[in-house]
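Below is one structure, written out as structure tokens; the observations come after it.
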There are 2 protein chains.
Amino acid sequence: MNDIEKFLIIKKVRPTAMRILVFRLLAQRKKAITLSDIENRFEKSDRTTLYRTIKTFEENGIVHGVNDGSGVPKYALCEEGCEYGVHNDLHLHFHCNRCDETSCLTEHKIPQINIPEGYLAEDVHLVVNGLCNTCNVD
Amino acid sequence: MNDIEKFLIIKKVRPTAMRILVFRLLAQRKKAITLSDIENRFEKSDRTTLYRTIKTFEENGIVHGVNDGSGVPKYALCEEGCEYGVHNDLHLHFHCNRCDETSCLTEHKIPQINIPEGYLAEDVHLVVNGLCNTCNVD
DNA sequence: CAAAAGAATGCAATGGAAGTGCATTAATCA
DNA sequence: TGATTAATGCACTTCCATTGCATTCTTTTG
């Protein structure tokens, strides 16, 4: 049993072949990717299975979704500390307007946000749009 | 000529009947709303026209889109200072997980965000999820 | 080990919304 | 007014999320 399998079991997710493959793919890429991206990476793959795989991952604190404004949600591995239903990824996401890539800037935490009296904050999403370090060259 | 017409002309958008209606609707509602919301508000309305109306508004700094994670983008009137292609709405958005309403907390500005060397920030989107003041009652 | 139960998968189908092309109508300008 | 430009409405396509159901795989248990 390899590390990925162990990890999935800890997260209470059965380490099936497809799930391991998807996990590995996400682990390799530093960027957040779409369902279609994942689909295209595998010769034989069913969209539904991938869809449900990601959903399972998301529910169990393995993956978090990013809405970068491109229209389709993207997904990336969570940081440590995320659990069932409770995400802890308070880092910022950067979406490049040129190459459309979205990356997790895990080193850059979201600063303290003030919200009005009576509101209860459960989750924060911060996306910065602009040019990434690759595209920002003239 | 009323205020809305004048405003649209300043923004270099022709004040057609439909545009005035959509603008008024957005001005009345404090919340960000979806295209479908708008569509349902009008007896006779064509989705395409509304779609293009919002797009025009967005391009001309009249409206800004919010991606609150609900899947469909929502739209709300911009604050002053937004112009052609340049949005200035650096306020935070609050999305309620219970009633699914999204509001612009214009009084709550987005704090300074640090991004890595080499990156160029053009736009920032900050969405807080949780319970709004209406739903946060037991 | 075999049977039963539970979970994951794959296929098919549905549904919602985005987006585009084109003909028609409305508004503006010379 | 006639010509030009813009906006609108309709039809259509495409994309993706989502669900139902039958099948396969895994795990549990007798």
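To be explicit about the labels: the chains of the structure tokens are called A, B, and onward in the order shown, and within each one the residues are counted from 1, while ligands get numbers from 1 in the order they are shown.
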Just list as an MDAnalysis selection string whatever in chain A DSSP marks as strand (DSSP E or B).
chainID A and resid 31:33 63:66 74:77 83 86 91:96 102:109 120:131
Return as a tab-separated table the residues of chain A lying at most 9 Å from chain C, together with the closest atom-to-atom pair for each and the distance in Å to one decimal, counting only C-alpha atoms (C1' of nucleotides), with rows in chain order and ascending residue number.
residue	atom	partner	partner_atom	distance
A:Thr16	CA	C:DA8	C1'	8.2
A:Asp46	CA	C:DG10	C1'	6.7
A:Thr48	CA	C:DG10	C1'	8.0
A:Thr49	CA	C:DT9	C1'	6.5
For a quick check of understanding, using only C-alpha atoms, which of A:Asp138, A:Asn67, A:Thr106, A:Gly61 has the smallest distance to chain B?
A:Asn67
Chain A residues near chain B (12 Å cut-off, only C-alpha atoms) as a ChimeraX atom specification
/A:64-74,87,90-98,103-138
Let me see the file: selected residues, C-alpha atoms, as a PDB file, in the first residue's frame.
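Result went into result_15.pdb, see below:
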ATOM      1  CA  HIS A  64     -11.145  22.318  -2.731  1.00  0.00           C
ATOM      2  CA  GLY A  65     -12.872  24.078  -5.587  1.00  0.00           C
ATOM      3  CA  VAL A  66     -11.896  27.424  -7.005  1.00  0.00           C
ATOM      4  CA  ASN A  67     -14.193  29.729  -8.905  1.00  0.00           C
ATOM      5  CA  ASP A  68     -11.841  31.929 -10.826  1.00  0.00           C
ATOM      6  CA  GLY A  69     -14.423  33.588 -13.009  1.00  0.00           C
ATOM      7  CA  SER A  70     -13.535  31.565 -16.063  1.00  0.00           C
ATOM      8  CA  GLY A  71     -16.926  29.954 -15.891  1.00  0.00           C
ATOM      9  CA  VAL A  72     -15.955  26.432 -14.965  1.00  0.00           C
ATOM     10  CA  PRO A  73     -14.865  25.504 -11.488  1.00  0.00           C
ATOM     11  CA  LYS A  74     -11.368  24.211 -10.927  1.00  0.00           C
ATOM     12  CA  HIS A  87     -12.018  23.455   4.624  1.00  0.00           C
ATOM     13  CA  LEU A  90      -7.450  30.203   3.493  1.00  0.00           C
ATOM     14  CA  HIS A  91      -4.823  30.908   0.940  1.00  0.00           C
ATOM     15  CA  LEU A  92      -5.284  33.046  -2.102  1.00  0.00           C
ATOM     16  CA  HIS A  93      -5.760  31.904  -5.648  1.00  0.00           C
ATOM     17  CA  PHE A  94      -4.280  33.558  -8.644  1.00  0.00           C
ATOM     18  CA  HIS A  95      -5.964  33.384 -11.993  1.00  0.00           C
ATOM     19  CA  CYS A  96      -3.999  34.472 -15.020  1.00  0.00           C
ATOM     20  CA  ASN A  97      -6.055  36.355 -17.567  1.00  0.00           C
ATOM     21  CA  ARG A  98      -3.745  35.373 -20.369  1.00  0.00           C
ATOM     22  CA  SER A 103      -2.707  28.419  -9.002  1.00  0.00           C
ATOM     23  CA  CYS A 104      -2.900  28.097  -5.268  1.00  0.00           C
ATOM     24  CA  LEU A 105      -0.605  30.531  -3.566  1.00  0.00           C
ATOM     25  CA  THR A 106      -0.516  28.575  -0.366  1.00  0.00           C
ATOM     26  CA  GLU A 107       2.125  30.815   1.123  1.00  0.00           C
ATOM     27  CA  HIS A 108      -0.158  33.785   0.826  1.00  0.00           C
ATOM     28  CA  LYS A 109      -2.838  33.602   3.425  1.00  0.00           C
ATOM     29  CA  ILE A 110      -5.999  35.609   3.355  1.00  0.00           C
ATOM     30  CA  PRO A 111      -5.788  38.498   5.798  1.00  0.00           C
ATOM     31  CA  GLN A 112      -8.330  39.062   8.500  1.00  0.00           C
ATOM     32  CA  ILE A 113     -11.657  40.131   7.010  1.00  0.00           C
ATOM     33  CA  ASN A 114     -14.172  42.221   8.861  1.00  0.00           C
ATOM     34  CA  ILE A 115     -17.805  41.442   8.286  1.00  0.00           C
ATOM     35  CA  PRO A 116     -20.865  43.257   9.548  1.00  0.00           C
ATOM     36  CA  GLU A 117     -22.555  42.558  12.828  1.00  0.00           C
ATOM     37  CA  GLY A 118     -24.965  39.657  12.637  1.00  0.00           C
ATOM     38  CA  TYR A 119     -23.205  37.851   9.836  1.00  0.00           C
ATOM     39  CA  LEU A 120     -21.492  34.538  10.351  1.00  0.00           C
ATOM     40  CA  ALA A 121     -18.515  33.730   8.187  1.00  0.00           C
ATOM     41  CA  GLU A 122     -17.816  30.091   7.448  1.00  0.00           C
ATOM     42  CA  ASP A 123     -15.565  30.222   4.458  1.00  0.00           C
ATOM     43  CA  VAL A 124     -13.588  32.767   2.475  1.00  0.00           C
ATOM     44  CA  HIS A 125     -12.574  32.727  -1.147  1.00  0.00           C
ATOM     45  CA  LEU A 126     -10.069  35.127  -2.520  1.00  0.00           C
ATOM     46  CA  VAL A 127      -9.136  35.200  -6.168  1.00  0.00           C
ATOM     47  CA  VAL A 128      -6.711  37.637  -7.709  1.00  0.00           C
ATOM     48  CA  ASN A 129      -6.837  38.077 -11.456  1.00  0.00           C
ATOM     49  CA  GLY A 130      -3.966  39.372 -13.490  1.00  0.00           C
ATOM     50  CA  LEU A 131      -0.850  38.087 -15.145  1.00  0.00           C
ATOM     51  CA  CYS A 132       1.087  35.203 -13.684  1.00  0.00           C
ATOM     52  CA  ASN A 133       4.851  35.211 -13.476  1.00  0.00           C
ATOM     53  CA  THR A 134       5.109  33.287 -16.727  1.00  0.00           C
ATOM     54  CA  CYS A 135       2.859  35.563 -18.734  1.00  0.00           C
ATOM     55  CA  ASN A 136       4.020  38.803 -17.158  1.00  0.00           C
ATOM     56  CA  VAL A 137       6.987  39.290 -19.460  1.00  0.00           C
ATOM     57  CA  ASP A 138       7.275  41.796 -22.275  1.00  0.00           C
TER      58      ASP A 138
END
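What chain B places within 12 Å of chain D, counting only C-alpha atoms (C1' of nucleotides), is Val13, Arg14, Pro15, Thr16, Ala17, Met18, Arg19, Lys44, Ser45, Asp46, Arg47, Thr48, Thr49, Leu50, Tyr51, Arg52, Thr53, Thr56, Gly71 and Val72 of chain B.
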Deliver the residues from the most recent selection as a file, using N, CA and C atoms, as a PDB file, in the first residue's frame.
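Writing the result to again09.pdb gives the following:
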ATOM      1  N   VAL B  13     -23.595  54.105 -23.018  1.00  0.00           N
ATOM      2  CA  VAL B  13     -24.503  53.010 -23.348  1.00  0.00           C
ATOM      3  C   VAL B  13     -25.840  53.618 -23.737  1.00  0.00           C
ATOM      4  N   ARG B  14     -26.344  53.210 -24.840  1.00  0.00           N
ATOM      5  CA  ARG B  14     -27.614  53.755 -25.302  1.00  0.00           C
ATOM      6  C   ARG B  14     -28.752  53.339 -24.370  1.00  0.00           C
ATOM      7  N   PRO B  15     -29.507  54.294 -23.932  1.00  0.00           N
ATOM      8  CA  PRO B  15     -30.568  53.992 -22.967  1.00  0.00           C
ATOM      9  C   PRO B  15     -31.823  53.441 -23.628  1.00  0.00           C
ATOM     10  N   THR B  16     -31.779  52.210 -23.990  1.00  0.00           N
ATOM     11  CA  THR B  16     -32.974  51.598 -24.582  1.00  0.00           C
ATOM     12  C   THR B  16     -33.943  51.202 -23.468  1.00  0.00           C
ATOM     13  N   ALA B  17     -35.145  50.877 -23.875  1.00  0.00           N
ATOM     14  CA  ALA B  17     -36.184  50.542 -22.905  1.00  0.00           C
ATOM     15  C   ALA B  17     -35.749  49.392 -21.999  1.00  0.00           C
ATOM     16  N   MET B  18     -35.252  48.341 -22.628  1.00  0.00           N
ATOM     17  CA  MET B  18     -34.871  47.159 -21.863  1.00  0.00           C
ATOM     18  C   MET B  18     -33.731  47.459 -20.906  1.00  0.00           C
ATOM     19  N   ARG B  19     -32.789  48.214 -21.377  1.00  0.00           N
ATOM     20  CA  ARG B  19     -31.632  48.534 -20.529  1.00  0.00           C
ATOM     21  C   ARG B  19     -32.043  49.348 -19.321  1.00  0.00           C
ATOM     22  N   LYS B  44     -42.382  39.741 -20.530  1.00  0.00           N
ATOM     23  CA  LYS B  44     -41.867  39.530 -21.871  1.00  0.00           C
ATOM     24  C   LYS B  44     -40.397  39.903 -21.899  1.00  0.00           C
ATOM     25  N   SER B  45     -39.577  38.937 -22.062  1.00  0.00           N
ATOM     26  CA  SER B  45     -38.164  39.261 -22.148  1.00  0.00           C
ATOM     27  C   SER B  45     -37.444  38.134 -22.862  1.00  0.00           C
ATOM     28  N   ASP B  46     -36.482  38.515 -23.605  1.00  0.00           N
ATOM     29  CA  ASP B  46     -35.693  37.504 -24.294  1.00  0.00           C
ATOM     30  C   ASP B  46     -34.367  37.333 -23.580  1.00  0.00           C
ATOM     31  N   ARG B  47     -34.069  36.075 -23.301  1.00  0.00           N
ATOM     32  CA  ARG B  47     -32.832  35.751 -22.587  1.00  0.00           C
ATOM     33  C   ARG B  47     -31.600  36.366 -23.239  1.00  0.00           C
ATOM     34  N   THR B  48     -31.551  36.276 -24.561  1.00  0.00           N
ATOM     35  CA  THR B  48     -30.381  36.781 -25.272  1.00  0.00           C
ATOM     36  C   THR B  48     -30.197  38.277 -25.057  1.00  0.00           C
ATOM     37  N   THR B  49     -31.284  38.993 -25.115  1.00  0.00           N
ATOM     38  CA  THR B  49     -31.194  40.434 -24.925  1.00  0.00           C
ATOM     39  C   THR B  49     -30.670  40.755 -23.538  1.00  0.00           C
ATOM     40  N   LEU B  50     -31.213  40.066 -22.551  1.00  0.00           N
ATOM     41  CA  LEU B  50     -30.755  40.303 -21.186  1.00  0.00           C
ATOM     42  C   LEU B  50     -29.284  39.943 -21.058  1.00  0.00           C
ATOM     43  N   TYR B  51     -28.947  38.826 -21.626  1.00  0.00           N
ATOM     44  CA  TYR B  51     -27.555  38.378 -21.611  1.00  0.00           C
ATOM     45  C   TYR B  51     -26.628  39.453 -22.171  1.00  0.00           C
ATOM     46  N   ARG B  52     -27.033  39.996 -23.317  1.00  0.00           N
ATOM     47  CA  ARG B  52     -26.185  41.006 -23.940  1.00  0.00           C
ATOM     48  C   ARG B  52     -26.250  42.342 -23.205  1.00  0.00           C
ATOM     49  N   THR B  53     -27.370  42.606 -22.603  1.00  0.00           N
ATOM     50  CA  THR B  53     -27.496  43.829 -21.813  1.00  0.00           C
ATOM     51  C   THR B  53     -26.509  43.811 -20.651  1.00  0.00           C
ATOM     52  N   THR B  56     -22.991  44.175 -21.856  1.00  0.00           N
ATOM     53  CA  THR B  56     -22.700  45.569 -22.186  1.00  0.00           C
ATOM     54  C   THR B  56     -22.466  46.381 -20.927  1.00  0.00           C
ATOM     55  N   GLY B  71     -22.411  28.426  -8.699  1.00  0.00           N
ATOM     56  CA  GLY B  71     -22.435  27.862 -10.038  1.00  0.00           C
ATOM     57  C   GLY B  71     -22.778  28.875 -11.105  1.00  0.00           C
ATOM     58  N   VAL B  72     -23.775  29.681 -10.841  1.00  0.00           N
ATOM     59  CA  VAL B  72     -24.129  30.703 -11.823  1.00  0.00           C
ATOM     60  C   VAL B  72     -23.672  32.075 -11.338  1.00  0.00           C
TER      61      VAL B  72
END
Could you give me, as number ranges by chain, each residue of stretch 28-95 of chain A that DSSP assigns to alpha helix (DSSP H) when run on this structure's backbone?
A: 28, 35-41, 47-59
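Straight-line separation from atom CA of A:Val63 to atom CA of A:Cys78: 4.9 Å.
Note that atom CA of A:Thr34 and atom CA of B:Lys55 are 24.3 Å apart.
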Could you work out how far atom CA of A:Leu8 lies from atom CA of A:Glu79, giving the answer in Å with one decimal?
14.0 Å
